[in-house]
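Asks: Supplied in structure tokens, the structure appears directly below.
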Amino acid sequence: MQWRSIVVGLVVLRLSLSCVLWLAFGLGPNVSWGFNFPLTFSLHKLDLLFRDEKGTHSRDNSWSQRIHGQRYEETASTCGKVGEESLKRSYLSFFEGNRDEYVRRYSSFPDTLKAKMKDMAKEMFYFGYDNYMKYAFPEDELNPIDCEGRGPDVLNPSNININDVLGNYSLTLIDTLDTLLVLGNVTEFQRAVKLVIDNVSFDKDSTVQVFEANIRILGSLISSHILLTDPKHPFGEVGYEGYDNELLHLAHDLAVRLLPAFENTSTGIPYPRVNLKTGVPPDSINETCTAGAGSLLVEFGILSRLIGDSTFEWVARRAVRALWSLRSNETGLLGNVINIQTGQWVGKQSGLGAGMDSFYEYLLKSYILFGEKEDHGMFQAAYESIQNHMRRGRESCNEGEGDPPLYVNVNMASGEIMNTWIDSLQAFFPGLQVLNGDVDNAICLHAFYYAIWKRFGALPERYNWQLQAPDVLFYPLRPELVESTYLLYQATKNPFYLHVGMDILQSLEKNAKVRCGYATLHHVVDKSKEDRMESFFLSETCKYLYLLFDEDNPLHKSDNKYIFTTEGHVVPIDKRFREKQWRDMFPCEDGVLKESEPNHRPPPSNISNCNRIPEERRYALPLKSVYMRQIDHMVGLF
């Protein structure tokens, strides 16, 4: 019982300290992770201990009680609302100074500057692309510092950081095909297609990750084939005489070589890697991440519908259903790593970043493309669980007291915080929220990631919000923040997002440009570099930057709708993808929402839609100055 006395004593000490803070500064007991008091997090851990002892579930309380527990309801300042009768200053009043600086900086963006940034984005793409073609093709990637090509690491097969992605199949050229069309270069697009047809074969002794081969290679081949053969979407007639569906044949060949990953698994969840010539390696592990196994449905589904063969969509959908059926009964959340034979969760962290991100993305995008109500039901249920268990901070993005909304990593079974870092891949989520109509929450989360970018001139792979410092320091030119910036601009047309894009563009020019391209930042603080330019830099980062500033792009003017795959490949929303040439062979299993069942759960109260964004905010800042200043402070900008 001695430890209980110590714990009680510490809590009393905390309450005493809180009173002093109230009297001295009007701050309240927990000045939040933004102020970075080491004591705060330690006492938060004690709160969790008390709740565990007494059986209190943190998710049962309102958002202000989720962090501190019901006992501290009346003393929580940064989370609780301040009554009108209160004589103490609002917590947010500390961030009200110099409000106009944000308005002056972000509230307008001249057309001449927009044109300049568009040209700058185009030049960035061609500097990387031309040097890849000059120094690296037909190898997979460009080493931009040494001006050399890079292929698989054949001397070290265990180097999965390289070998998962590079398959000796001209990765960068394939991944970049539709970006050439986005930039309006039909001539180079046609030349690149012919180079792929003449030079690429998948009959290679290369062991690659199924997920990476799917999103980078298969997705681009399918997208480019559609754009070549369908003049309605969205760049007009870009086909050439003599094209005989070779890209589709290549896509089919690759998909067939990926199919062994789905064989001999007890759950239907695929192995993470295959050898393109021999199938699943004999020493393959039985563990895979949720995103890797559950983000195949868009590409496999389109392929099935293009060629009239249900096999590919069937195996991809079976994997999604298997993962979904294994979610927590308590929270509705999934873990991040699973054993494909036993169905047991090896990693029980649930978050929005690495290992989880595109699983959620493809639930929604699959519904948009294929119209399957099952996909929509799974996404809405998953989104509700995310809002209920991962979201911390004030209830409304642009109103009220408290910390800005943030999505944290939690235990899939309990919803309790597992660590205090977020990763750069999570920056995709505001873009997904835009597609879901939740623009208000998207605005706030995007602002948090942009503040991190402003501080470092890049996004560290992991950022510790408790310590206000990077946990993992490299930045491999990832596109997620740019993608969300582009989608938020399309949704709001707010010039703020043009300024964000300009900041990102100028930071890349300043910090990542080297002799023959753009290099991975090894360290976001000292800006040291690694000699690697991943294919997604040209496929996504440059594409989204260019589209952000190109108001007249055919994608924006086309009467037809489109979406981007998780690798940024353009896919039209076409009625033929809503039609199947086969009958359903895989009825819904227990734990999966049937097509005929509506999602019976009511939407969470904090989900907004585009119509809830006040008209005046489309022309002012998307986020009030006081909240922008608050976020800037919380990442250490001042």
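Note on naming: chains are A, B, ... as they come in the structure tokens, residues start from 1 per chain, ligands start from 1 in the order shown.
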Neighbouring residues of A:Thr485 were defined as those with any atom within 8 Å, considering only C-alpha atoms; residues of the same chain fewer than 5 positions away were excluded. Please report them as a list of chain:residue names.
Replies: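 Contacts, with the query itself left out: A:Gly431, A:His446, A:Tyr497, A:Val500, A:Gly501, A:Leu548.
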Asks: Print the selection's residues with N, CA and C atoms to a file, as a CSV table (one decimal), in the first residue's frame.
Replies:
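So the final result, stored in out.csv, reads:
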```
chain,number,residue,atom,x,y,z
A,431,GLY,N,-6.3,15.4,-46.1
A,431,GLY,CA,-6.8,15.3,-47.4
A,431,GLY,C,-7.9,14.3,-47.5
A,446,HIS,N,-4.1,19.9,-40.5
A,446,HIS,CA,-3.2,20.4,-41.5
A,446,HIS,C,-2.3,21.5,-41.0
A,497,TYR,N,-3.5,28.3,-48.4
A,497,TYR,CA,-2.9,27.1,-48.9
A,497,TYR,C,-2.0,27.3,-50.0
A,500,VAL,N,1.2,28.0,-48.2
A,500,VAL,CA,1.8,26.8,-47.7
A,500,VAL,C,2.5,26.1,-48.8
A,501,GLY,N,1.9,26.0,-49.9
A,501,GLY,CA,2.6,25.4,-51.1
A,501,GLY,C,3.9,26.1,-51.4
A,548,LEU,N,-1.5,22.5,-57.5
A,548,LEU,CA,-1.9,23.5,-56.5
A,548,LEU,C,-1.9,24.9,-57.2
```
Asks: From a DSSP pass on the backbone, collect the residues of stretch 388-597 of chain A flagged as strand (DSSP E or B) and hand them back as a ChimeraX atom specification.
Replies: /A:391-392,406-407,410-411,417,421-423,462-464,469-472,475,513-514,517-518,520-521,529-530,533,562-564,570-572
Asks: For stretch 221-232 of chain A, work out the shell of residues within 10 Å, counting only C-alpha atoms and skipping chain neighbours fewer than 3 positions away, then give it as number ranges by chain.
Replies: A: 174-179, 181, 189-190, 193, 196, 214-218, 235-240, 243-252, 254, 299-300, 302-303, 306, 558-560, 564-565, 569-572
Asks: For a quick check of understanding, using only C-alpha atoms, which of A:Leu487, A:Cys289, A:Leu481, A:Ala322 has the smallest distance to A:Ala354?
Replies: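 For A:Ala354, the nearest of the given residues is A:Cys289.
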Asks: Sort by chain and increasing residue number a table of all residues of stretch 524-554 of chain A within 8 Å of stretch 143-156 of chain A, each with its closest pair of atoms and their distance in Å to one decimal, counting only C-alpha atoms, and write it as JSON lines.
Replies:
```
{"residue": "A:Asp531", "atom": "CA", "partner": "A:Asn143", "partner_atom": "CA", "distance": 5.2}
{"residue": "A:Arg532", "atom": "CA", "partner": "A:Asn143", "partner_atom": "CA", "distance": 4.9}
{"residue": "A:Met533", "atom": "CA", "partner": "A:Asn143", "partner_atom": "CA", "distance": 6.3}
```
Asks: For A:Val315, which residue out of A:Glu395, A:Glu534, A:Glu241, A:Glu263 is the nearest one, using only C-alpha atoms?
Replies: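 Result for the nearest residue to A:Val315: A:Glu263.
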Asks: Near A:Ser396, within 8 Å and counting only C-alpha atoms, which residues show up once chain neighbours fewer than 3 positions away are dropped, as a list in words?
Replies: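 The contact residues come out as Glu399, Gly400, Pro405, Asp440, Asn441 and Asn606 of chain A.
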Asks: Have a look at A:Met124, A:Met356, A:Ile452, A:Ala115 and name the one nearest to A:Ala512; count only C-alpha atoms.
Replies: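 Closest to A:Ala512 of all the choices is A:Met124.
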Asks: Rank nothing, just name the residue among A:Leu173, A:Val274, A:Leu326, A:Ala447 nearest to A:Val635, using only C-alpha atoms.
Replies: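 Using only C-alpha atoms, the shortest distance to A:Val635 belongs to A:Ala447.
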Asks: Find, counting only C-alpha atoms, the residue in A:Glu101, A:Asp550, A:Asp253, A:Glu384 that gets nearest to A:Thr331.
Replies: A:Glu384
Asks: From the DSSP assignment of the backbone, select every residue of stretch 209-350 of chain A that is alpha helix (DSSP H), and format the answer as a tab-separated table (two decimals) with C-alpha atoms, in the first residue's frame.
Replies:
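And here's result-v4.tsv as it stands now:
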```tsv
chain	number	residue	atom	x	y	z
A	210	VAL	CA	3.47	-6.46	-52.68
A	211	PHE	CA	2.19	-3.10	-51.44
A	212	GLU	CA	4.93	-1.03	-53.08
A	219	GLY	CA	-1.32	1.69	-60.27
A	220	SER	CA	0.66	3.76	-62.74
A	221	LEU	CA	0.34	1.23	-65.55
A	222	ILE	CA	-3.42	1.08	-65.10
A	223	SER	CA	-3.78	4.85	-64.85
A	224	SER	CA	-1.67	5.49	-67.93
A	225	HIS	CA	-3.53	2.84	-69.93
A	226	ILE	CA	-6.87	4.44	-69.08
A	227	LEU	CA	-5.62	7.89	-70.03
A	228	LEU	CA	-4.22	6.55	-73.29
A	229	THR	CA	-7.39	4.77	-74.37
A	246	GLU	CA	0.55	-3.10	-73.82
A	247	LEU	CA	0.44	-1.24	-70.48
A	248	LEU	CA	-2.66	-3.17	-69.48
A	249	HIS	CA	-0.94	-6.43	-70.43
A	250	LEU	CA	2.07	-5.45	-68.32
A	251	ALA	CA	-0.23	-4.61	-65.40
A	252	HIS	CA	-1.97	-7.97	-65.73
A	253	ASP	CA	1.37	-9.79	-65.84
A	254	LEU	CA	2.58	-8.02	-62.70
A	255	ALA	CA	-0.66	-8.69	-60.82
A	256	VAL	CA	-0.45	-12.41	-61.67
A	257	ARG	CA	3.08	-12.44	-60.24
A	258	LEU	CA	1.77	-10.85	-57.01
A	290	THR	CA	-2.45	-3.36	-41.97
A	291	ALA	CA	-1.83	-0.80	-44.70
A	292	GLY	CA	0.36	-3.18	-46.70
A	293	ALA	CA	-2.26	-5.94	-46.73
A	294	GLY	CA	-5.35	-3.75	-46.87
A	297	LEU	CA	-8.30	-2.96	-53.51
A	298	VAL	CA	-8.25	0.14	-55.73
A	299	GLU	CA	-5.64	-1.11	-58.19
A	300	PHE	CA	-6.69	-4.77	-58.08
A	301	GLY	CA	-10.35	-3.80	-58.36
A	302	ILE	CA	-9.84	-1.56	-61.41
A	303	LEU	CA	-7.74	-4.26	-63.09
A	304	SER	CA	-10.45	-6.85	-62.51
A	305	ARG	CA	-13.08	-4.60	-64.03
A	306	LEU	CA	-10.90	-3.67	-67.00
A	307	ILE	CA	-10.14	-7.27	-67.98
A	311	THR	CA	-9.71	-12.87	-59.20
A	312	PHE	CA	-7.75	-9.76	-58.36
A	313	GLU	CA	-10.55	-7.83	-56.73
A	314	TRP	CA	-11.66	-10.99	-54.93
A	315	VAL	CA	-8.32	-11.59	-53.18
A	316	ALA	CA	-7.86	-7.91	-52.32
A	317	ARG	CA	-11.39	-7.62	-50.91
A	318	ARG	CA	-10.97	-10.85	-48.96
A	319	ALA	CA	-7.88	-9.37	-47.27
A	320	VAL	CA	-9.75	-6.18	-46.33
A	321	ARG	CA	-12.65	-8.17	-44.91
A	322	ALA	CA	-10.29	-10.39	-42.93
A	323	LEU	CA	-8.57	-7.40	-41.35
A	324	TRP	CA	-11.87	-5.71	-40.63
A	325	SER	CA	-13.27	-8.82	-38.91
```
Asks: For A:Lys134, find every residue with an atom within 12 Å (counting only C-alpha atoms), except residues of its own chain fewer than 2 positions away, and show them as a list in words.
Replies: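 The contact residues come out as Tyr126, Phe127, Gly128, Tyr129, Asp130, Asn131, Tyr132, Ala136, Phe137, Pro138, Glu139, Glu141, Leu142, Asn143, Pro144, Cys147, Glu148, Gly149, Leu173, Cys516 and Gly517 of chain A.
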Asks: Just C-alpha atoms for this one: save the residues we selected as an mmCIF file, in the first residue's frame.
Replies:
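For reference, again_7.cif as written:
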```cif
data_model
loop_
_atom_site.group_PDB
_atom_site.id
_atom_site.type_symbol
_atom_site.label_atom_id
_atom_site.label_comp_id
_atom_site.auth_asym_id
_atom_site.auth_seq_id
_atom_site.Cartn_x
_atom_site.Cartn_y
_atom_site.Cartn_z
ATOM 1 C CA TYR A 126 11.977 18.416 -64.923
ATOM 2 C CA PHE A 127 15.238 18.905 -63.073
ATOM 3 C CA GLY A 128 14.632 15.589 -61.330
ATOM 4 C CA TYR A 129 13.078 13.794 -64.311
ATOM 5 C CA ASP A 130 15.614 14.867 -66.931
ATOM 6 C CA ASN A 131 18.522 13.872 -64.710
ATOM 7 C CA TYR A 132 16.916 10.504 -63.986
ATOM 8 C CA ALA A 136 19.802 6.541 -64.209
ATOM 9 C CA PHE A 137 17.317 5.070 -66.708
ATOM 10 C CA PRO A 138 16.681 2.133 -67.090
ATOM 11 C CA GLU A 139 17.588 1.604 -63.450
ATOM 12 C CA GLU A 141 16.056 5.354 -59.049
ATOM 13 C CA LEU A 142 18.447 8.264 -59.364
ATOM 14 C CA ASN A 143 21.202 8.933 -56.862
ATOM 15 C CA PRO A 144 21.044 12.722 -57.218
ATOM 16 C CA CYS A 147 24.463 11.366 -60.585
ATOM 17 C CA GLU A 148 24.158 7.587 -60.881
ATOM 18 C CA GLY A 149 21.403 5.022 -61.195
ATOM 19 C CA LEU A 173 9.903 6.168 -65.185
ATOM 20 C CA CYS A 516 21.438 16.083 -60.315
ATOM 21 C CA GLY A 517 18.099 16.218 -58.529
#
```
Asks: What's the separation between atom CA of A:Ser535 and atom CA of A:Thr172, in Å to one decimal place?
Replies: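 Atom-to-atom, atom CA of A:Ser535 and atom CA of A:Thr172 are spaced 4.8 Å apart.
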Asks: Using only C-alpha atoms, which residues sit within 8 Å of A:Ser625 once same-chain residues fewer than 2 positions away are excluded, as an MDAnalysis selection string?
Replies: chainID A and resid 96 99:100 102:103 621 623 627:629
Asks: Keeping N, CA, C and O atoms for every residue in the selection just given, could you write it to a file as a PDB file, in the first residue's frame?
Replies:
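again_7.pdb was written with the following content:
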```pdb
ATOM      1  N   GLU A  96      -3.229  35.952 -28.376  1.00  0.00           N
ATOM      2  CA  GLU A  96      -3.983  36.940 -29.125  1.00  0.00           C
ATOM      3  C   GLU A  96      -3.120  38.077 -29.661  1.00  0.00           C
ATOM      4  O   GLU A  96      -3.584  38.890 -30.435  1.00  0.00           O
ATOM      5  N   ARG A  99      -2.241  39.431 -33.932  1.00  0.00           N
ATOM      6  CA  ARG A  99      -3.149  38.656 -34.775  1.00  0.00           C
ATOM      7  C   ARG A  99      -2.996  39.004 -36.249  1.00  0.00           C
ATOM      8  O   ARG A  99      -3.042  38.154 -37.118  1.00  0.00           O
ATOM      9  N   ASP A 100      -2.821  40.309 -36.528  1.00  0.00           N
ATOM     10  CA  ASP A 100      -2.856  40.761 -37.905  1.00  0.00           C
ATOM     11  C   ASP A 100      -1.695  40.241 -38.735  1.00  0.00           C
ATOM     12  O   ASP A 100      -1.749  40.276 -39.964  1.00  0.00           O
ATOM     13  N   TYR A 102      -0.798  37.246 -39.234  1.00  0.00           N
ATOM     14  CA  TYR A 102      -1.255  36.096 -40.003  1.00  0.00           C
ATOM     15  C   TYR A 102      -2.150  36.533 -41.158  1.00  0.00           C
ATOM     16  O   TYR A 102      -2.062  35.996 -42.259  1.00  0.00           O
ATOM     17  N   VAL A 103      -2.994  37.518 -40.901  1.00  0.00           N
ATOM     18  CA  VAL A 103      -3.859  38.036 -41.964  1.00  0.00           C
ATOM     19  C   VAL A 103      -3.018  38.673 -43.059  1.00  0.00           C
ATOM     20  O   VAL A 103      -3.225  38.436 -44.254  1.00  0.00           O
ATOM     21  N   LEU A 621      -8.788  33.839 -43.222  1.00  0.00           N
ATOM     22  CA  LEU A 621      -7.954  32.706 -42.872  1.00  0.00           C
ATOM     23  C   LEU A 621      -8.831  31.484 -42.609  1.00  0.00           C
ATOM     24  O   LEU A 621      -9.911  31.597 -42.026  1.00  0.00           O
ATOM     25  N   LEU A 623      -8.240  29.252 -40.488  1.00  0.00           N
ATOM     26  CA  LEU A 623      -8.162  29.052 -39.045  1.00  0.00           C
ATOM     27  C   LEU A 623      -7.914  30.411 -38.404  1.00  0.00           C
ATOM     28  O   LEU A 623      -7.069  31.179 -38.879  1.00  0.00           O
ATOM     29  N   TYR A 627      -5.738  30.735 -33.070  1.00  0.00           N
ATOM     30  CA  TYR A 627      -5.462  29.300 -33.088  1.00  0.00           C
ATOM     31  C   TYR A 627      -4.192  28.998 -33.892  1.00  0.00           C
ATOM     32  O   TYR A 627      -3.449  28.068 -33.552  1.00  0.00           O
ATOM     33  N   MET A 628      -3.950  29.754 -34.944  1.00  0.00           N
ATOM     34  CA  MET A 628      -2.695  29.577 -35.683  1.00  0.00           C
ATOM     35  C   MET A 628      -1.497  29.882 -34.792  1.00  0.00           C
ATOM     36  O   MET A 628      -0.501  29.151 -34.780  1.00  0.00           O
ATOM     37  N   ARG A 629      -1.619  30.963 -34.045  1.00  0.00           N
ATOM     38  CA  ARG A 629      -0.526  31.347 -33.148  1.00  0.00           C
ATOM     39  C   ARG A 629      -0.345  30.298 -32.053  1.00  0.00           C
ATOM     40  O   ARG A 629       0.789  29.968 -31.665  1.00  0.00           O
TER      41      ARG A 629
END
```
Asks: I'd like the interatomic distance between atom CA of A:Phe496 and atom CA of A:Ser107, to a tenth of an Å.
Replies: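 Distance between the two atoms: 6.1 Å.
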Asks: Give me the residues near A:Gly167 as a list of chain:residue names, where near means some atom within 7 Å (using only C-alpha atoms) and where sequence neighbours in that chain fewer than 2 positions away do not count.
Replies: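 Using only C-alpha atoms, the neighbours found are A:Pro152, A:Asn163, A:Val165, A:Tyr169, A:Ser206, A:Val208.
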Asks: Could you save the residues just selected, with all heavy atoms, as a PDB file, in the first residue's frame?
Replies:
```pdb
ATOM      1  N   PRO A 152      18.149  -2.726 -57.256  1.00  0.00           N
ATOM      2  CA  PRO A 152      18.080  -3.516 -56.015  1.00  0.00           C
ATOM      3  C   PRO A 152      19.474  -3.780 -55.445  1.00  0.00           C
ATOM      4  O   PRO A 152      20.470  -3.826 -56.180  1.00  0.00           O
ATOM      5  CB  PRO A 152      17.415  -4.824 -56.471  1.00  0.00           C
ATOM      6  CG  PRO A 152      16.747  -4.506 -57.767  1.00  0.00           C
ATOM      7  CD  PRO A 152      17.558  -3.427 -58.411  1.00  0.00           C
ATOM      8  N   ASN A 163      15.246  -2.978 -51.260  1.00  0.00           N
ATOM      9  CA  ASN A 163      14.732  -4.078 -52.072  1.00  0.00           C
ATOM     10  C   ASN A 163      13.216  -4.218 -52.044  1.00  0.00           C
ATOM     11  O   ASN A 163      12.643  -4.804 -52.961  1.00  0.00           O
ATOM     12  CB  ASN A 163      15.394  -5.389 -51.638  1.00  0.00           C
ATOM     13  CG  ASN A 163      16.881  -5.403 -51.940  1.00  0.00           C
ATOM     14  OD1 ASN A 163      17.346  -4.752 -52.876  1.00  0.00           O
ATOM     15  ND2 ASN A 163      17.649  -6.121 -51.143  1.00  0.00           N
ATOM     16  N   VAL A 165      11.292  -1.876 -52.586  1.00  0.00           N
ATOM     17  CA  VAL A 165      10.787  -0.894 -53.551  1.00  0.00           C
ATOM     18  C   VAL A 165      11.379  -1.095 -54.937  1.00  0.00           C
ATOM     19  O   VAL A 165      10.663  -1.013 -55.949  1.00  0.00           O
ATOM     20  CB  VAL A 165      11.088   0.537 -53.048  1.00  0.00           C
ATOM     21  CG1 VAL A 165      10.605   1.579 -54.049  1.00  0.00           C
ATOM     22  CG2 VAL A 165      10.443   0.772 -51.683  1.00  0.00           C
ATOM     23  N   TYR A 169      12.942  -2.658 -62.534  1.00  0.00           N
ATOM     24  CA  TYR A 169      11.923  -2.488 -63.576  1.00  0.00           C
ATOM     25  C   TYR A 169      11.641  -1.009 -63.873  1.00  0.00           C
ATOM     26  O   TYR A 169      10.497  -0.609 -64.080  1.00  0.00           O
ATOM     27  CB  TYR A 169      10.632  -3.213 -63.235  1.00  0.00           C
ATOM     28  CG  TYR A 169      10.164  -3.220 -61.785  1.00  0.00           C
ATOM     29  CD1 TYR A 169      10.336  -2.131 -60.938  1.00  0.00           C
ATOM     30  CD2 TYR A 169       9.514  -4.351 -61.267  1.00  0.00           C
ATOM     31  CE1 TYR A 169       9.884  -2.149 -59.630  1.00  0.00           C
ATOM     32  CE2 TYR A 169       9.052  -4.372 -59.955  1.00  0.00           C
ATOM     33  CZ  TYR A 169       9.240  -3.284 -59.149  1.00  0.00           C
ATOM     34  OH  TYR A 169       8.784  -3.303 -57.841  1.00  0.00           O
ATOM     35  N   SER A 206      13.539 -10.757 -58.594  1.00  0.00           N
ATOM     36  CA  SER A 206      13.503  -9.650 -57.631  1.00  0.00           C
ATOM     37  C   SER A 206      12.423  -9.935 -56.595  1.00  0.00           C
ATOM     38  O   SER A 206      11.280 -10.240 -56.955  1.00  0.00           O
ATOM     39  CB  SER A 206      13.188  -8.330 -58.338  1.00  0.00           C
ATOM     40  OG  SER A 206      14.176  -7.990 -59.281  1.00  0.00           O
ATOM     41  N   VAL A 208      10.121  -8.260 -54.004  1.00  0.00           N
ATOM     42  CA  VAL A 208       9.628  -6.912 -53.747  1.00  0.00           C
ATOM     43  C   VAL A 208       8.440  -6.978 -52.793  1.00  0.00           C
ATOM     44  O   VAL A 208       7.800  -8.018 -52.617  1.00  0.00           O
ATOM     45  CB  VAL A 208       9.199  -6.209 -55.055  1.00  0.00           C
ATOM     46  CG1 VAL A 208      10.396  -6.015 -55.973  1.00  0.00           C
ATOM     47  CG2 VAL A 208       8.090  -6.979 -55.760  1.00  0.00           C
TER      48      VAL A 208
END
```
